[in-house]
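These notes concern the structure reproduced below.
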Amino acid sequence: MLRLSTVVVFPDLGLTRVSSSGEADPEVRWAHVSELQDPTPWLVGHELLLTTGLDLFRDAKKTVEYCVRLTTAGVAALGLSTGKSLPHRQLPEHLVDAAAVSGLQLVHVPENTPLQSVVRRVSDALNEEQTEPLRRALLAQRQLSEAAASSDGVASVLWALASNTSFVCAVYDPALRPVASSGPDAEQHFALRRGEIGTRMLEGLRWAISIDDGVHSTIVSPLGTQGRLRGVMIAVKRGPLSSYDQAILSMVFSLLSVLLELRHSSTHQQRLARNRAVDALLAGDLSEIEATVRLARAGVECSTVQCVSMPDGISEPRLTALISGIKDYCGDIFSRQKPAESVLVLCDPEPGVPALLADLIAKADTGPAGMGTVVGPERAALSLRQANRARSLARRRSVPFIALPDSPGYKAMLMLGDPAERANFADAVLAPLDDHDAKRSSELVPALSAFLENTCNVESAAAQLGVHRHTMRARVSKIAELTGRDFDNSADLLELWLACEFREMAQSEGQAG
C-alpha cells in the first residue's frame, strides 16, 4: 500500500508536505494533473491531485469550496507547483488555511519538478508494489526447485520455505514417522493433533486441516500423487496467512508429494525383501532359525508375531491409517494382500494392541476382522489361521473385530493332558480321514480344518481352499460319514475342533523342535 509519506520522500522530486506530521497519512492509489475548477467528476478517490493553480486560489471563498469538494471526493492530497514561471510564486495563504479547515492534505511541488514526473514516479511505485509479491514468488519458486533437486530434497525444501516465509514445518511418512523438520514448533503442534490426523488419513488425499487460534496459523495437508498417500506435512506460523503464504504452500505441497513418491519408489527392493519374508512366514514351512534369518534379511528383529486378518479390497489410505495407529505399539508391521484377505503381521506387539486395533477397525469400517494369538515367528501361519477363524466368527456375529483369546484359560484348555494323549485323541478322531486321504488323495483333513476355521460356512471354506462349493459340501458329508460325527451336534463339533487344534499344535511343536 502506497502512502503519502512515502511519495513525498521520493528522491529528486523535492516534494514538501505542508500539513503537519501528526496528521493522517492517506493511501495514494494514483496521481492526476488537472487545472479544472471542479475536477471531481473525473476522480475516483485516493488520488494525489496535481495542479499549477491556473485560474485557481485567487478567491478565499472559492478556494475553501474547492478544497471541500476534493475532500468529499476522497482525494488523498493536493499538490501545488509554484515558482516564478508559474501562476503562483508561492503557496497562497488562503489555500493553506482552506486545506487545514477542510482536512485536505497539501503538498508543495517545486518549480523545477514537472508534474508529469510526479505522476510517473507514483505510477512506477504502484506497479512495483503490485508486482513485488509475484517477484518474491518467482524467486521462492526457483529456490524451492533447486532445493528439491538436492540430495536431501525433502529437508532442503523445508529450509528453503523457512528462508522465504516465517513457516516452521515438519513432514511425516504414512506411518506418521518423522521424515524432516525445520523446527520443534511444528513437531509440537503435530503431536497435539496426531489423533485427529490419524482419523483424517482414512480419507486418503481428500482432506486438510486449517486452524487459526489467534496466535498461530496451522495447516496440515496430506502428500501424495494419483490418490496414493505418501506422507503428511504440517506448517505453522505466527499470525494470519497471506495470499503469498497460501501460494507458496501450494507449491511446496506439490513438490513434496513428488519427492515422497520418488522416495517410495527408491525403497522398492526393500519392500520386495519384506514381502518375501512375510510370505515365507505365513506359508508355515520355516524352522525357528530360518524364520529369524528371513526376518533379518528384511531388516527386522523380533521374538513374537501376531496376525490380523481383514477383508480384501481395503483402500490403501484406510490400511495406512490402521498401521499408523498401532505402529508405536509394535516393533514393526508387515502388510500383505493375500487371496480374499488383507493380512497384518505385528512384530513384538504390546498387550494393549488388540483393544487399540478394535477401536481403529471400528472407526475405519473395514468390515469384519480377526486376530490370532501371539506366537513365535516360525508359527505365524498358526496365528493367521486363528485370525481367519476369529474373522469368520466376527462376520457371523456382525461385529467389526474379534481377537482370539490369548488368555491362560484358553491355553490351558488346549494344553490339558499329556502331549502324547492329545496326539492320540487327534489320531483317534481323524484316523478315518487320514486313511481315506492316504488311499485316495482326497484331502479331507484340510477340508475339515477349513470348514471349522470358517465356522462351518461351506462357501467360505470352499473359497479358502479354491474349490467349488459343491465339492466342499461333498467333502463335508464324507467327513461326517467317516467320523460318525454330526456337525449339528455341539459335542461332536467340539471333538472335531479339538482334534484339529491338537493335530496343528503337535505339528507346530514338532517343527519348533
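Going through the C-alpha cells in order, the chains are called A, B, and so on, while each chain numbers its residues from 1 and the ligands are numbered from 1 in the order shown.
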
Pull the closest atom pair for each residue of segment 18-65 of chain A that gets at most 10 Å from segment 94-102 of chain A, along with the distance in Å to one decimal, counting only C-alpha atoms, ordering rows by chain and then ascending residue number, as JSON lines.
```
{"residue": "A:Val18", "atom": "CA", "partner": "A:Val96", "partner_atom": "CA", "distance": 8.0}
{"residue": "A:Ser19", "atom": "CA", "partner": "A:Ala100", "partner_atom": "CA", "distance": 7.6}
{"residue": "A:Ser20", "atom": "CA", "partner": "A:Ala100", "partner_atom": "CA", "distance": 9.6}
{"residue": "A:Leu56", "atom": "CA", "partner": "A:Leu95", "partner_atom": "CA", "distance": 9.7}
{"residue": "A:Phe57", "atom": "CA", "partner": "A:Leu95", "partner_atom": "CA", "distance": 6.4}
{"residue": "A:Arg58", "atom": "CA", "partner": "A:His94", "partner_atom": "CA", "distance": 8.8}
{"residue": "A:Asp59", "atom": "CA", "partner": "A:His94", "partner_atom": "CA", "distance": 8.2}
{"residue": "A:Ala60", "atom": "CA", "partner": "A:His94", "partner_atom": "CA", "distance": 5.6}
{"residue": "A:Lys61", "atom": "CA", "partner": "A:Ala98", "partner_atom": "CA", "distance": 8.6}
{"residue": "A:Lys62", "atom": "CA", "partner": "A:Ala98", "partner_atom": "CA", "distance": 9.5}
{"residue": "A:Thr63", "atom": "CA", "partner": "A:Leu95", "partner_atom": "CA", "distance": 6.2}
{"residue": "A:Val64", "atom": "CA", "partner": "A:Ala98", "partner_atom": "CA", "distance": 4.8}
{"residue": "A:Glu65", "atom": "CA", "partner": "A:Ala98", "partner_atom": "CA", "distance": 8.4}
```

Restricting the output to N, CA, C and O atoms, write the selected residues as a PDB file, in the first residue's frame.
```pdb
ATOM      1  N   VAL A  18       2.988  20.072   3.366  1.00  0.00           N
ATOM      2  CA  VAL A  18       2.681  21.296   4.100  1.00  0.00           C
ATOM      3  C   VAL A  18       1.924  20.978   5.376  1.00  0.00           C
ATOM      4  O   VAL A  18       2.096  21.639   6.402  1.00  0.00           O
ATOM      5  N   SER A  19       1.080  19.931   5.350  1.00  0.00           N
ATOM      6  CA  SER A  19       0.325  19.536   6.537  1.00  0.00           C
ATOM      7  C   SER A  19       1.295  19.098   7.625  1.00  0.00           C
ATOM      8  O   SER A  19       2.401  18.617   7.354  1.00  0.00           O
ATOM      9  N   SER A  20       0.891  19.240   8.873  1.00  0.00           N
ATOM     10  CA  SER A  20       1.753  18.848   9.980  1.00  0.00           C
ATOM     11  C   SER A  20       1.943  17.341   9.999  1.00  0.00           C
ATOM     12  O   SER A  20       1.077  16.589   9.572  1.00  0.00           O
ATOM     13  N   LEU A  56      -6.999  29.429 -10.320  1.00  0.00           N
ATOM     14  CA  LEU A  56      -7.455  28.878  -9.042  1.00  0.00           C
ATOM     15  C   LEU A  56      -6.800  29.629  -7.889  1.00  0.00           C
ATOM     16  O   LEU A  56      -5.715  30.234  -8.053  1.00  0.00           O
ATOM     17  N   PHE A  57      -7.443  29.580  -6.748  1.00  0.00           N
ATOM     18  CA  PHE A  57      -6.902  30.078  -5.480  1.00  0.00           C
ATOM     19  C   PHE A  57      -6.710  31.600  -5.450  1.00  0.00           C
ATOM     20  O   PHE A  57      -5.866  32.117  -4.726  1.00  0.00           O
ATOM     21  N   ARG A  58      -7.521  32.331  -6.285  1.00  0.00           N
ATOM     22  CA  ARG A  58      -7.476  33.798  -6.247  1.00  0.00           C
ATOM     23  C   ARG A  58      -8.465  34.343  -5.219  1.00  0.00           C
ATOM     24  O   ARG A  58      -8.262  35.414  -4.673  1.00  0.00           O
ATOM     25  N   ASP A  59      -9.507  33.535  -4.970  1.00  0.00           N
ATOM     26  CA  ASP A  59     -10.574  33.965  -4.075  1.00  0.00           C
ATOM     27  C   ASP A  59     -10.629  32.995  -2.891  1.00  0.00           C
ATOM     28  O   ASP A  59     -10.662  31.779  -3.073  1.00  0.00           O
ATOM     29  N   ALA A  60     -10.645  33.543  -1.691  1.00  0.00           N
ATOM     30  CA  ALA A  60     -10.594  32.716  -0.490  1.00  0.00           C
ATOM     31  C   ALA A  60     -11.817  31.815  -0.376  1.00  0.00           C
ATOM     32  O   ALA A  60     -11.708  30.617  -0.035  1.00  0.00           O
ATOM     33  N   LYS A  61     -13.027  32.362  -0.651  1.00  0.00           N
ATOM     34  CA  LYS A  61     -14.243  31.566  -0.523  1.00  0.00           C
ATOM     35  C   LYS A  61     -14.256  30.417  -1.509  1.00  0.00           C
ATOM     36  O   LYS A  61     -14.575  29.267  -1.168  1.00  0.00           O
ATOM     37  N   LYS A  62     -13.913  30.729  -2.788  1.00  0.00           N
ATOM     38  CA  LYS A  62     -13.892  29.678  -3.815  1.00  0.00           C
ATOM     39  C   LYS A  62     -12.807  28.638  -3.513  1.00  0.00           C
ATOM     40  O   LYS A  62     -12.962  27.452  -3.833  1.00  0.00           O
ATOM     41  N   THR A  63     -11.738  29.091  -2.874  1.00  0.00           N
ATOM     42  CA  THR A  63     -10.679  28.148  -2.520  1.00  0.00           C
ATOM     43  C   THR A  63     -11.174  27.146  -1.480  1.00  0.00           C
ATOM     44  O   THR A  63     -10.885  25.939  -1.560  1.00  0.00           O
ATOM     45  N   VAL A  64     -11.929  27.634  -0.487  1.00  0.00           N
ATOM     46  CA  VAL A  64     -12.485  26.728   0.521  1.00  0.00           C
ATOM     47  C   VAL A  64     -13.445  25.737  -0.132  1.00  0.00           C
ATOM     48  O   VAL A  64     -13.412  24.528   0.160  1.00  0.00           O
ATOM     49  N   GLU A  65     -14.302  26.253  -1.024  1.00  0.00           N
ATOM     50  CA  GLU A  65     -15.256  25.379  -1.708  1.00  0.00           C
ATOM     51  C   GLU A  65     -14.512  24.318  -2.524  1.00  0.00           C
ATOM     52  O   GLU A  65     -14.917  23.137  -2.569  1.00  0.00           O
TER      53      GLU A  65
END
```

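All residues of protein, DNA or RNA that reach within 12 Å of Lys327 of chain A, judged by only C-alpha atoms and not counting those fewer than 2 positions away in the chain, are Pro174, Ala175, Leu176, Arg177, Gly198, Thr320, Ala321, Leu322, Ile323, Ser324, Gly325, Tyr329, Cys330, Gly331, Asp332, Ile333, Phe334, Ser335, Leu344, Val345, Leu346, Cys347, Asp348, Pro349, Glu350, Val353, Leu356 and Leu357 of chain A.
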
Can you list, as a ChimeraX atom specification, every protein, DNA or RNA residue that comes within 8 Å of segment 78-81 of chain A when you count only C-alpha atoms, leaving out same-chain residues fewer than 4 positions away? /A:48-53,86,88,91,104-111,115

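For segment 13-201 of chain A, a DSSP pass over the backbone yields strand (DSSP E) at Thr16, Arg17, Trp30, Ala31, His32, Val33, Glu47, Leu48, Leu49, Leu50, Thr51, Ala77, Leu78, Gly79, Leu80, Ser81, Leu106, Val107, His108, Val109, Val168, Cys169, Ala170, Val171, Tyr172, Pro178, Val179, Ala180 and Ser181 of chain A.
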
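Every protein, DNA or RNA residue with an atom at most 7 Å from segment 205-211 of chain A, where only C-alpha atoms count and chain neighbours fewer than 3 positions away do not, is listed here: A:Arg200, A:Ser217, A:Thr218, A:Ile219, A:Val220, A:Ser221, A:Pro222, A:Gly227, A:Leu229.
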
Output N, CA, C and O atoms of each residue in that selection to a file, as a PDB file, in the first residue's frame.
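Okay, this is what ended up in result31.pdb:
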```pdb
ATOM      1  N   ARG A 200      -8.241 -38.512  10.019  1.00  0.00           N
ATOM      2  CA  ARG A 200      -8.454 -37.901   8.706  1.00  0.00           C
ATOM      3  C   ARG A 200      -7.730 -38.647   7.594  1.00  0.00           C
ATOM      4  O   ARG A 200      -8.132 -38.592   6.424  1.00  0.00           O
ATOM      5  N   SER A 217      -1.193 -19.736  12.909  1.00  0.00           N
ATOM      6  CA  SER A 217      -1.939 -20.336  11.806  1.00  0.00           C
ATOM      7  C   SER A 217      -1.287 -21.680  11.505  1.00  0.00           C
ATOM      8  O   SER A 217      -0.064 -21.760  11.332  1.00  0.00           O
ATOM      9  N   THR A 218      -2.101 -22.711  11.462  1.00  0.00           N
ATOM     10  CA  THR A 218      -1.588 -24.071  11.262  1.00  0.00           C
ATOM     11  C   THR A 218      -2.298 -24.716  10.086  1.00  0.00           C
ATOM     12  O   THR A 218      -3.529 -24.682  10.006  1.00  0.00           O
ATOM     13  N   ILE A 219      -1.510 -25.292   9.185  1.00  0.00           N
ATOM     14  CA  ILE A 219      -2.049 -26.021   8.033  1.00  0.00           C
ATOM     15  C   ILE A 219      -1.476 -27.434   8.075  1.00  0.00           C
ATOM     16  O   ILE A 219      -0.264 -27.621   8.184  1.00  0.00           O
ATOM     17  N   VAL A 220      -2.343 -28.433   7.983  1.00  0.00           N
ATOM     18  CA  VAL A 220      -1.920 -29.826   7.864  1.00  0.00           C
ATOM     19  C   VAL A 220      -2.496 -30.367   6.565  1.00  0.00           C
ATOM     20  O   VAL A 220      -3.691 -30.230   6.302  1.00  0.00           O
ATOM     21  N   SER A 221      -1.648 -30.967   5.745  1.00  0.00           N
ATOM     22  CA  SER A 221      -2.102 -31.448   4.441  1.00  0.00           C
ATOM     23  C   SER A 221      -1.497 -32.815   4.138  1.00  0.00           C
ATOM     24  O   SER A 221      -0.326 -33.070   4.453  1.00  0.00           O
ATOM     25  N   PRO A 222      -2.281 -33.706   3.516  1.00  0.00           N
ATOM     26  CA  PRO A 222      -1.710 -34.975   3.055  1.00  0.00           C
ATOM     27  C   PRO A 222      -0.832 -34.736   1.838  1.00  0.00           C
ATOM     28  O   PRO A 222      -1.039 -33.775   1.088  1.00  0.00           O
ATOM     29  N   GLY A 227      -3.796 -40.362  -5.940  1.00  0.00           N
ATOM     30  CA  GLY A 227      -4.597 -40.991  -4.903  1.00  0.00           C
ATOM     31  C   GLY A 227      -3.828 -41.811  -3.895  1.00  0.00           C
ATOM     32  O   GLY A 227      -4.429 -42.415  -3.004  1.00  0.00           O
ATOM     33  N   LEU A 229      -1.406 -41.997  -0.732  1.00  0.00           N
ATOM     34  CA  LEU A 229      -0.885 -41.212   0.377  1.00  0.00           C
ATOM     35  C   LEU A 229       0.569 -41.585   0.628  1.00  0.00           C
ATOM     36  O   LEU A 229       0.878 -42.746   0.885  1.00  0.00           O
TER      37      LEU A 229
END
```

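You will find atom CA of Leu256 of chain A at 6.4 Å from atom CA of Val154 of chain A.
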
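Restricting the calculation to only C-alpha atoms, the smallest distance between Gln130 of chain A and any of A:Ala31, A:Met1, A:Ala148, A:Ala180 is found for A:Met1.
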